[in-house]
Amino acid sequence: MALSFAVNWIGVIVGNIALLVIGFVWFMPQVFGNRWIAYMGRPGEQLKPGPDFILSVLSGTLNSFVMAVLALNLKAATAGDGVVLGLVVFAGFFLSYMTANTVFAKRSWGLWAIDVGHALIAQVVLAVIVTLIR
């Protein structure tokens with residue numbers, strides 16, 4: 001199998017920045033942050049910058065790079081292609097994993113909904129960005 005890794009790194013970086021912005025807004029206390037923390041069993045705790053955020057940036061970079069590799073090799077070229085790619089990646093990897101994890105870990109479905117909503121928006125936006133900046 002021939003697979004190209006010759007992605008546009010500007011697209012990868014812009015995609016990663018988009019992931020960070022989406023996460024920042026999604027998990028703001030006034031949006032879903034307070035509810036998310038409560039579902040995690042840590043009510044009143046505030047999310048603070050620190051080593052966890054460095055890991056988040058590195059994870060986002062990997063996510064953005066892999067999405068760019070998929071967009072390149074699947075020859076996605078339009079925003080519509082990006083939306084489809086984002087939905088396929090979301091359903092195949094994020095939705096399936098998060099649902100199974102919620103069931104077997106006996107996690108809250110409210111927590112699942114917040115996490116899945118974030119993943120859906122993030123993956124679709126990311127896929128559109130790396131598709132258009134190829």
# chains A, B, ... in the order shown; residues from 1 in each chain; ligands from 1
$ closest_atom_pairs --of "region 91-124 of chain A" --to "region 1-16 of chain A" --cutoff "12 Å" --atoms "only C-alpha atoms" --output "JSON lines"
{"residue": "A:Ala122", "atom": "CA", "partner": "A:Gly15", "partner_atom": "CA", "distance": 9.3}
{"residue": "A:Gln123", "atom": "CA", "partner": "A:Gly15", "partner_atom": "CA", "distance": 9.6}
{"residue": "A:Val124", "atom": "CA", "partner": "A:Gly15", "partner_atom": "CA", "distance": 10.6}
$ write_last_selection --atoms "C-alpha atoms" --output "PDB file, in the first residue's frame"
ATOM      1  CA  ALA A 122     -13.868  19.286  16.459  1.00  0.00           C
ATOM      2  CA  GLN A 123     -13.402  16.475  13.942  1.00  0.00           C
ATOM      3  CA  VAL A 124     -15.628  18.005  11.289  1.00  0.00           C
TER       4      VAL A 124
END
$ residues_around --residues "Asn34 (chain A)" --least-positions-apart "3" --cutoff "12 Å" --atoms "only C-alpha atoms" --output "number ranges by chain"
A: 26-31, 37-47, 111, 114
$ write_last_selection --atoms "C-alpha atoms" --output "PDB file, in the first residue's frame"
ATOM      1  CA  TRP A  26     -16.615  24.120  24.685  1.00  0.00           C
ATOM      2  CA  PHE A  27     -15.139  23.584  28.132  1.00  0.00           C
ATOM      3  CA  MET A  28     -15.517  27.156  29.388  1.00  0.00           C
ATOM      4  CA  PRO A  29     -17.363  27.124  32.721  1.00  0.00           C
ATOM      5  CA  GLN A  30     -20.295  29.024  31.193  1.00  0.00           C
ATOM      6  CA  VAL A  31     -20.643  26.546  28.303  1.00  0.00           C
ATOM      7  CA  ILE A  37     -16.279  18.750  35.813  1.00  0.00           C
ATOM      8  CA  ALA A  38     -19.340  17.787  37.880  1.00  0.00           C
ATOM      9  CA  TYR A  39     -19.960  14.677  35.737  1.00  0.00           C
ATOM     10  CA  MET A  40     -16.291  13.788  36.283  1.00  0.00           C
ATOM     11  CA  GLY A  41     -16.993  13.812  40.030  1.00  0.00           C
ATOM     12  CA  ARG A  42     -14.953  16.947  40.765  1.00  0.00           C
ATOM     13  CA  PRO A  43     -17.576  19.708  41.262  1.00  0.00           C
ATOM     14  CA  GLY A  44     -16.160  23.148  41.917  1.00  0.00           C
ATOM     15  CA  GLU A  45     -12.761  22.320  40.435  1.00  0.00           C
ATOM     16  CA  GLN A  46     -11.490  24.712  37.779  1.00  0.00           C
ATOM     17  CA  LEU A  47      -9.545  23.729  34.672  1.00  0.00           C
ATOM     18  CA  LEU A 111     -20.590  13.201  30.289  1.00  0.00           C
ATOM     19  CA  ILE A 114     -20.597  16.594  26.280  1.00  0.00           C
TER      20      ILE A 114
END
$ residues_around --residues "Ala127 (chain A)" --least-positions-apart "2" --cutoff "12 Å" --atoms "only C-alpha atoms" --output "short mmCIF file (atom, residue, chain, number, x, y, z; two decimals) with C-alpha atoms, in the first residue's frame"
data_model
loop_
_atom_site.label_atom_id
_atom_site.label_comp_id
_atom_site.auth_asym_id
_atom_site.auth_seq_id
_atom_site.Cartn_x
_atom_site.Cartn_y
_atom_site.Cartn_z
CA GLY A 11 -2.97 23.03 7.50
CA VAL A 12 -1.90 20.76 10.36
CA VAL A 14 -4.12 25.71 11.70
CA GLY A 15 -6.18 22.57 12.37
CA ASN A 16 -4.51 22.09 15.73
CA ALA A 18 -8.82 25.21 15.72
CA LEU A 19 -8.99 22.15 17.98
CA ASN A 63 -4.99 14.19 15.45
CA SER A 64 -4.49 17.02 12.96
CA PHE A 65 -1.59 15.25 11.21
CA VAL A 66 -3.49 11.97 10.85
CA MET A 67 -6.57 13.78 9.54
CA ALA A 68 -4.36 15.59 7.00
CA VAL A 69 -2.86 12.25 5.90
CA LEU A 70 -6.37 10.84 5.42
CA ALA A 71 -7.54 13.92 3.50
CA LEU A 72 -4.49 13.75 1.24
CA LEU A 74 -8.45 9.99 0.08
CA ALA A 76 -10.56 15.12 -0.32
CA ALA A 77 -10.66 18.49 -2.09
CA THR A 78 -13.77 20.45 -1.09
CA ALA A 79 -15.36 21.60 2.15
CA GLY A 80 -18.06 18.99 1.54
CA ASP A 81 -15.40 16.30 1.28
CA GLY A 82 -13.97 17.56 4.56
CA VAL A 83 -17.36 17.36 6.28
CA VAL A 84 -17.82 13.77 5.10
CA LEU A 85 -14.28 12.84 6.19
CA GLY A 86 -14.83 14.43 9.60
CA LEU A 87 -18.12 12.59 10.08
CA VAL A 88 -16.56 9.25 9.07
CA VAL A 89 -13.59 9.71 11.41
CA PHE A 90 -15.90 10.88 14.21
CA ALA A 119 -15.58 15.44 19.28
CA LEU A 120 -18.19 15.80 16.53
CA ILE A 121 -17.64 19.52 16.08
CA ALA A 122 -13.87 19.29 16.46
CA GLN A 123 -13.40 16.47 13.94
CA VAL A 124 -15.63 18.00 11.29
CA VAL A 125 -13.99 21.44 11.60
CA ILE A 129 -9.46 22.79 7.50
CA VAL A 130 -6.89 20.15 6.51
CA THR A 131 -8.86 19.40 3.34
CA LEU A 132 -8.92 23.02 2.22
CA ILE A 133 -5.32 23.74 3.26
CA ARG A 134 -3.67 20.89 1.38
#
$ closest_residue --among "A:Gly117, A:Val103, A:Lys75, A:Phe53" --to "Ala91 (chain A)" --atoms "only C-alpha atoms"
A:Gly117
$ atom_distance --atom1 "CA of Val57 (chain A)" --atom2 "CA of Leu20 (chain A)"
7.4 Å
$ atom_distance --atom1 "CA of Leu126 (chain A)" --atom2 "CA of Ile17 (chain A)"
9.4 Å
$ atom_distance --atom1 "CA of Arg107 (chain A)" --atom2 "CA of Arg35 (chain A)"
13.9 Å
$ select_by_dssp --residues "chain A" --states "alpha helix (DSSP H)" --output "ChimeraX atom specification"
/A:9-26,34-39,51-73,79-89,96-105,109-132
